[in-house]
Number of protein chains: 2
Amino acid sequence: MLPIEESALILKLLGDKTRLRMMKLLDEDACCVCEFVELFQMSQPAISQHLRKLKAVGIVKEVKRRQWVFYSLNETHQYYPLVKAILVRLESQQDKLVSLTESGKRIDCQIEK
Amino acid sequence: MLPIEESALILKLLGDKTRLRMMKLLDEDACCVCEFVELFQMSQPAISQHLRKLKAVGIVKEVKRRQWVFYSLNETHQYYPLVKAILVRLESQQDKLVSLTESGKRIDCQIEK
DNA sequence: TGATTATATAAGCGTTTGATTATATACTGT
DNA sequence: ACAGTATATAATCAAACGCTTATATAATCA
């Protein structure tokens, strides 16, 4: 059973449409900052700051590969089951990743989930 | 599958510790405004305003009985399954209701869930 | 009827949030 | 080494948020 106050902090993080989209995308595949920038049509600092918040609580992790930083969900996090229970109910963003690939802007991080 | 943008609005509502406590309490039993005021030791307008936000999206409903307004979860709401999936993972607030009863401040709304 | 209790709403205010621009750091490839 | 690419951080600012106080409305009860 999760403590309510701490849970509220996690839900607040997910209660932003940009971060929630990010989390759903990361649930489907690891992504790097520049992919989010392309997908969301937002400034790179805005993306980085959202990712920083998610990383600050540990619910996402990062791996550096060449010049990129790839983010993925931290499946060992205490709140991962809660987060996952939410994400599974959200519409897939897979088509967005496919579009990215088709436009040649997808970056293969070669990290196995 | 729930749309992400709308889901983010629901999660933002739950991403406040007062509202999340309210929702968990309502998941366990209907409550009226003055009970929340007593439980949370917050001003009555603060409580009313949180409830108004929850009612605005329809995830809680109200029933008037004598001089009280009892709130409860709207189990027919489109987002109820998502909300419930979150609430079941949170620590029970049942002990808070028991304390209220013991201090003689519990109000029996006589509404069946 | 007048006092009390319960709730809602409006206005005001300090804090937080999410974006932007500017700048710094780091890695890549020629 | 240098130009280009990728990311992070800092400063700034308008908008949103959550609380308070003040006030209005409605039901209860003596």
# chains A, B, ... in the order shown; residues from 1 in each chain; ligands from 1
>>> residues_around(residues="Thr18 in chain A", least_positions_apart="4", cutoff="8 Å", atoms="only C-alpha atoms (C1' of nucleotides)", output="PDB file with N, CA, C and O atoms, in the first residue's frame")
ATOM      1  N   MET A  22       5.139  11.553 -22.623  1.00  0.00           N
ATOM      2  CA  MET A  22       6.501  11.017 -22.529  1.00  0.00           C
ATOM      3  C   MET A  22       6.493   9.645 -21.879  1.00  0.00           C
ATOM      4  O   MET A  22       7.113   8.699 -22.387  1.00  0.00           O
ATOM      5  N   PHE A  40       7.002  16.412 -30.071  1.00  0.00           N
ATOM      6  CA  PHE A  40       6.124  17.339 -29.363  1.00  0.00           C
ATOM      7  C   PHE A  40       6.168  18.747 -29.925  1.00  0.00           C
ATOM      8  O   PHE A  40       5.399  19.605 -29.511  1.00  0.00           O
ATOM      9  N   HIS A  50      11.268  18.652 -18.288  1.00  0.00           N
ATOM     10  CA  HIS A  50      10.268  17.641 -17.923  1.00  0.00           C
ATOM     11  C   HIS A  50      10.967  16.326 -17.565  1.00  0.00           C
ATOM     12  O   HIS A  50      10.629  15.677 -16.577  1.00  0.00           O
TER      13      HIS A  50
END
>>> residues_around(residues="Glu75 in chain B", least_positions_apart="3", cutoff="10 Å", atoms="only C-alpha atoms (C1' of nucleotides)", output="PyMOL selection string")
chain B and resi 27+58-61+72+78-81+83-84+113
>>> calpha_fit_and_write(fixed="chain A", moving="chain B", output="mmCIF file with C-alpha atoms, in the first residue's frame")
data_model
loop_
_atom_site.group_PDB
_atom_site.id
_atom_site.type_symbol
_atom_site.label_atom_id
_atom_site.label_comp_id
_atom_site.auth_asym_id
_atom_site.auth_seq_id
_atom_site.Cartn_x
_atom_site.Cartn_y
_atom_site.Cartn_z
ATOM 1 C CA MET B 1 0.065 -0.026 0.022
ATOM 2 C CA LEU B 2 1.469 3.326 -1.055
ATOM 3 C CA PRO B 3 1.515 6.398 1.191
ATOM 4 C CA ILE B 4 -0.920 8.988 -0.054
ATOM 5 C CA GLU B 5 1.225 12.067 0.205
ATOM 6 C CA GLU B 6 4.099 10.588 -1.784
ATOM 7 C CA SER B 7 1.676 9.088 -4.296
ATOM 8 C CA ALA B 8 0.225 12.538 -4.873
ATOM 9 C CA LEU B 9 3.663 13.772 -5.899
ATOM 10 C CA ILE B 10 3.962 10.997 -8.472
ATOM 11 C CA LEU B 11 0.467 11.678 -9.793
ATOM 12 C CA LYS B 12 1.212 15.373 -10.019
ATOM 13 C CA LEU B 13 4.167 14.532 -12.253
ATOM 14 C CA LEU B 14 1.896 12.424 -14.463
ATOM 15 C CA GLY B 15 -0.773 15.115 -14.390
ATOM 16 C CA ASP B 16 0.895 17.108 -17.130
ATOM 17 C CA LYS B 17 0.033 16.216 -20.706
ATOM 18 C CA THR B 18 3.608 16.504 -21.959
ATOM 19 C CA ARG B 19 5.036 14.293 -19.209
ATOM 20 C CA LEU B 20 2.190 11.810 -19.511
ATOM 21 C CA ARG B 21 2.800 11.493 -23.275
ATOM 22 C CA MET B 22 6.500 11.022 -22.516
ATOM 23 C CA MET B 23 5.797 8.283 -20.024
ATOM 24 C CA LYS B 24 3.460 6.452 -22.399
ATOM 25 C CA LEU B 25 6.061 6.676 -25.166
ATOM 26 C CA LEU B 26 8.741 5.398 -22.811
ATOM 27 C CA ASP B 27 6.408 2.574 -21.848
ATOM 28 C CA GLU B 28 6.523 1.520 -25.480
ATOM 29 C CA ASP B 29 10.178 2.218 -26.255
ATOM 30 C CA ALA B 30 13.215 4.130 -25.021
ATOM 31 C CA CYS B 31 13.516 7.627 -26.482
ATOM 32 C CA CYS B 32 16.106 10.371 -26.506
ATOM 33 C CA VAL B 33 15.612 14.077 -25.958
ATOM 34 C CA CYS B 34 15.786 15.078 -29.603
ATOM 35 C CA GLU B 35 13.036 12.618 -30.473
ATOM 36 C CA PHE B 36 10.734 14.190 -27.926
ATOM 37 C CA VAL B 37 11.604 17.611 -29.304
ATOM 38 C CA GLU B 38 10.621 16.417 -32.785
ATOM 39 C CA LEU B 39 7.476 14.606 -31.621
ATOM 40 C CA PHE B 40 6.123 17.319 -29.373
ATOM 41 C CA GLN B 41 7.296 20.315 -31.375
ATOM 42 C CA MET B 42 8.526 21.910 -28.186
ATOM 43 C CA SER B 43 11.797 23.591 -27.306
ATOM 44 C CA GLN B 44 14.655 21.355 -26.210
ATOM 45 C CA PRO B 45 14.980 22.992 -22.765
ATOM 46 C CA ALA B 46 11.277 22.437 -22.118
ATOM 47 C CA ILE B 47 11.720 18.750 -22.893
ATOM 48 C CA SER B 48 14.861 18.463 -20.795
ATOM 49 C CA GLN B 49 13.169 20.073 -17.840
ATOM 50 C CA HIS B 50 10.256 17.676 -17.931
ATOM 51 C CA LEU B 51 12.649 14.746 -18.115
ATOM 52 C CA ARG B 52 14.643 16.130 -15.235
ATOM 53 C CA LYS B 53 11.544 16.147 -13.052
ATOM 54 C CA LEU B 54 10.768 12.555 -13.953
ATOM 55 C CA LYS B 55 14.363 11.547 -13.309
ATOM 56 C CA ALA B 56 14.421 13.423 -10.004
ATOM 57 C CA VAL B 57 11.926 10.992 -8.506
ATOM 58 C CA GLY B 58 13.658 8.080 -10.212
ATOM 59 C CA ILE B 59 10.720 6.859 -12.262
ATOM 60 C CA VAL B 60 12.766 7.200 -15.461
ATOM 61 C CA LYS B 61 16.418 6.382 -15.970
ATOM 62 C CA GLU B 62 18.908 7.464 -18.603
ATOM 63 C CA VAL B 63 21.610 5.789 -20.633
ATOM 64 C CA LYS B 64 24.170 7.744 -22.630
ATOM 65 C CA ARG B 65 25.020 6.331 -26.062
ATOM 66 C CA ARG B 66 27.313 8.331 -28.304
ATOM 67 C CA GLN B 67 25.960 11.879 -28.431
ATOM 68 C CA TRP B 68 22.503 10.931 -27.232
ATOM 69 C CA VAL B 69 20.874 10.420 -23.870
ATOM 70 C CA PHE B 70 18.206 7.747 -23.976
ATOM 71 C CA TYR B 71 15.484 7.689 -21.396
ATOM 72 C CA SER B 72 13.460 4.689 -20.339
ATOM 73 C CA LEU B 73 11.092 3.684 -17.550
ATOM 74 C CA ASN B 74 12.671 2.478 -14.327
ATOM 75 C CA GLU B 75 10.775 -0.734 -13.828
ATOM 76 C CA THR B 76 12.372 -1.336 -10.447
ATOM 77 C CA HIS B 77 10.965 1.865 -8.964
ATOM 78 C CA GLN B 78 8.629 1.607 -5.990
ATOM 79 C CA TYR B 79 5.928 3.450 -7.902
ATOM 80 C CA TYR B 80 6.363 1.611 -11.178
ATOM 81 C CA PRO B 81 3.369 -0.700 -10.596
ATOM 82 C CA LEU B 82 1.138 2.313 -9.962
ATOM 83 C CA VAL B 83 2.519 4.147 -12.973
ATOM 84 C CA LYS B 84 2.168 1.089 -15.163
ATOM 85 C CA ALA B 85 -1.430 0.572 -14.034
ATOM 86 C CA ILE B 86 -2.124 4.064 -15.336
ATOM 87 C CA LEU B 87 -0.144 3.793 -18.557
ATOM 88 C CA VAL B 88 -1.790 0.560 -19.698
ATOM 89 C CA ARG B 89 -5.109 2.381 -19.770
ATOM 90 C CA LEU B 90 -3.864 5.127 -22.083
ATOM 91 C CA GLU B 91 -4.075 5.105 -25.840
ATOM 92 C CA SER B 92 -0.927 3.881 -27.551
ATOM 93 C CA GLN B 93 1.589 6.351 -28.940
ATOM 94 C CA GLN B 94 3.146 3.692 -31.125
ATOM 95 C CA ASP B 95 1.925 5.443 -34.274
ATOM 96 C CA LYS B 96 3.944 8.516 -33.279
ATOM 97 C CA LEU B 97 7.105 6.439 -33.132
ATOM 98 C CA VAL B 98 6.285 4.879 -36.498
ATOM 99 C CA SER B 99 5.863 8.332 -38.044
ATOM 100 C CA LEU B 100 9.198 9.347 -36.593
ATOM 101 C CA THR B 101 10.830 6.324 -38.160
ATOM 102 C CA GLU B 102 9.180 6.990 -41.520
ATOM 103 C CA SER B 103 10.414 10.566 -41.543
ATOM 104 C CA GLY B 104 13.918 9.283 -40.854
ATOM 105 C CA LYS B 105 14.125 10.994 -37.495
ATOM 106 C CA ARG B 106 13.966 7.953 -35.293
ATOM 107 C CA ILE B 107 17.163 7.140 -33.457
ATOM 108 C CA ASP B 108 17.767 3.522 -32.649
ATOM 109 C CA CYS B 109 19.204 3.388 -29.177
ATOM 110 C CA GLN B 110 19.866 -0.353 -29.371
ATOM 111 C CA ILE B 111 18.963 -0.750 -25.751
ATOM 112 C CA GLU B 112 16.846 -3.726 -24.917
ATOM 113 C CA LYS B 113 13.935 -3.057 -22.659
#
>>> select_by_dssp(residues="chain B", states="strand (DSSP E or B)", output="count of residues only")
16
>>> closest_atom_pairs(of="chain D", to="chain B", cutoff="12 Å", atoms="only C-alpha atoms (C1' of nucleotides)", output="CSV")
residue,atom,partner,partner_atom,distance
D:DC17,C1',B:Asp16,CA,10.5
D:DG18,C1',B:Ala46,CA,7.8
D:DC19,C1',B:Ala46,CA,6.7
D:DT20,C1',B:Ser43,CA,8.4
D:DT21,C1',B:Pro45,CA,10.0
D:DA22,C1',B:Pro45,CA,11.2
D:DT23,C1',B:Pro45,CA,11.8
D:DA26,C1',B:Gln67,CA,8.1
D:DA27,C1',B:Gln67,CA,5.1
D:DT28,C1',B:Gln67,CA,7.2
D:DC29,C1',B:Gln67,CA,11.8
>>> interface_residues(of="chain C", to="chain B", cutoff="8 Å", atoms="only C-alpha atoms (C1' of nucleotides)", output="PyMOL selection string")
chain C and resi 5-8
>>> write_last_selection(atoms="N, CA and C atoms (P, O5', C5', C4', C3', O3' and C1' of nucleotides)", output="PDB file, in the first residue's frame")
ATOM      1  P    DT C   5     -23.638  26.203  16.378  1.00  0.00           P
ATOM      2  O5'  DT C   5     -23.921  25.431  15.022  1.00  0.00           O
ATOM      3  C5'  DT C   5     -25.007  24.506  14.936  1.00  0.00           C
ATOM      4  C4'  DT C   5     -25.120  23.993  13.522  1.00  0.00           C
ATOM      5  C3'  DT C   5     -23.775  23.609  12.879  1.00  0.00           C
ATOM      6  O3'  DT C   5     -23.921  22.335  12.280  1.00  0.00           O
ATOM      7  C1'  DT C   5     -24.973  25.085  11.471  1.00  0.00           C
ATOM      8  P    DA C   6     -22.691  21.585  11.584  1.00  0.00           P
ATOM      9  O5'  DA C   6     -22.949  21.910  10.049  1.00  0.00           O
ATOM     10  C5'  DA C   6     -24.115  21.384   9.421  1.00  0.00           C
ATOM     11  C4'  DA C   6     -24.070  21.726   7.942  1.00  0.00           C
ATOM     12  C3'  DA C   6     -22.696  21.503   7.288  1.00  0.00           C
ATOM     13  O3'  DA C   6     -22.876  20.686   6.140  1.00  0.00           O
ATOM     14  C1'  DA C   6     -23.516  23.675   6.804  1.00  0.00           C
ATOM     15  P    DT C   7     -21.641  20.239   5.250  1.00  0.00           P
ATOM     16  O5'  DT C   7     -21.660  21.338   4.106  1.00  0.00           O
ATOM     17  C5'  DT C   7     -22.836  21.483   3.315  1.00  0.00           C
ATOM     18  C4'  DT C   7     -22.719  22.687   2.417  1.00  0.00           C
ATOM     19  C3'  DT C   7     -21.469  22.721   1.537  1.00  0.00           C
ATOM     20  O3'  DT C   7     -21.876  22.452   0.212  1.00  0.00           O
ATOM     21  C1'  DT C   7     -22.029  24.867   2.411  1.00  0.00           C
ATOM     22  P    DA C   8     -20.854  22.550  -0.998  1.00  0.00           P
ATOM     23  O5'  DA C   8     -21.013  24.071  -1.457  1.00  0.00           O
ATOM     24  C5'  DA C   8     -22.304  24.568  -1.787  1.00  0.00           C
ATOM     25  C4'  DA C   8     -22.188  25.974  -2.334  1.00  0.00           C
ATOM     26  C3'  DA C   8     -21.101  26.147  -3.394  1.00  0.00           C
ATOM     27  O3'  DA C   8     -21.685  26.840  -4.490  1.00  0.00           O
ATOM     28  C1'  DA C   8     -20.793  27.722  -1.645  1.00  0.00           C
TER      29       DA C   8
END
>>> atom_distance(atom1="C1' of DT7 in chain D", atom2="C1' of DA26 in chain C")
8.2 Å
>>> residues_around(residues="DA3 in chain D", least_positions_apart="4", cutoff="12 Å", atoms="only C-alpha atoms (C1' of nucleotides)", output="ChimeraX atom specification")
/C:28-30
>>> write_last_selection(atoms="N, CA and C atoms (P, O5', C5', C4', C3', O3' and C1' of nucleotides)", output="PDB file, in the first residue's frame")
ATOM      1  P    DT C  28      30.887  10.195 -29.181  1.00  0.00           P
ATOM      2  O5'  DT C  28      30.688  10.930 -30.579  1.00  0.00           O
ATOM      3  C5'  DT C  28      29.478  11.617 -30.856  1.00  0.00           C
ATOM      4  C4'  DT C  28      29.430  12.015 -32.325  1.00  0.00           C
ATOM      5  C3'  DT C  28      30.338  11.229 -33.256  1.00  0.00           C
ATOM      6  O3'  DT C  28      29.629  10.938 -34.442  1.00  0.00           O
ATOM      7  C1'  DT C  28      30.924  13.543 -33.313  1.00  0.00           C
ATOM      8  P    DG C  29      30.210   9.902 -35.523  1.00  0.00           P
ATOM      9  O5'  DG C  29      30.755  10.885 -36.640  1.00  0.00           O
ATOM     10  C5'  DG C  29      29.895  11.882 -37.178  1.00  0.00           C
ATOM     11  C4'  DG C  29      30.696  12.807 -38.077  1.00  0.00           C
ATOM     12  C3'  DG C  29      31.686  12.078 -38.993  1.00  0.00           C
ATOM     13  O3'  DG C  29      31.737  12.796 -40.232  1.00  0.00           O
ATOM     14  C1'  DG C  29      32.857  13.600 -37.651  1.00  0.00           C
ATOM     15  P    DT C  30      32.358  12.066 -41.545  1.00  0.00           P
ATOM     16  O5'  DT C  30      33.188  13.249 -42.211  1.00  0.00           O
ATOM     17  C5'  DT C  30      32.600  14.551 -42.297  1.00  0.00           C
ATOM     18  C4'  DT C  30      33.700  15.609 -42.353  1.00  0.00           C
ATOM     19  C3'  DT C  30      34.861  15.231 -43.288  1.00  0.00           C
ATOM     20  O3'  DT C  30      35.102  16.306 -44.173  1.00  0.00           O
ATOM     21  C1'  DT C  30      35.691  15.884 -41.161  1.00  0.00           C
TER      22       DT C  30
END
>>> atom_distance(atom1="C1' of DA30 in chain D", atom2="C1' of DG2 in chain C")
9.5 Å
>>> atom_distance(atom1="C1' of DA24 in chain D", atom2="C1' of DT15 in chain C")
28.6 Å
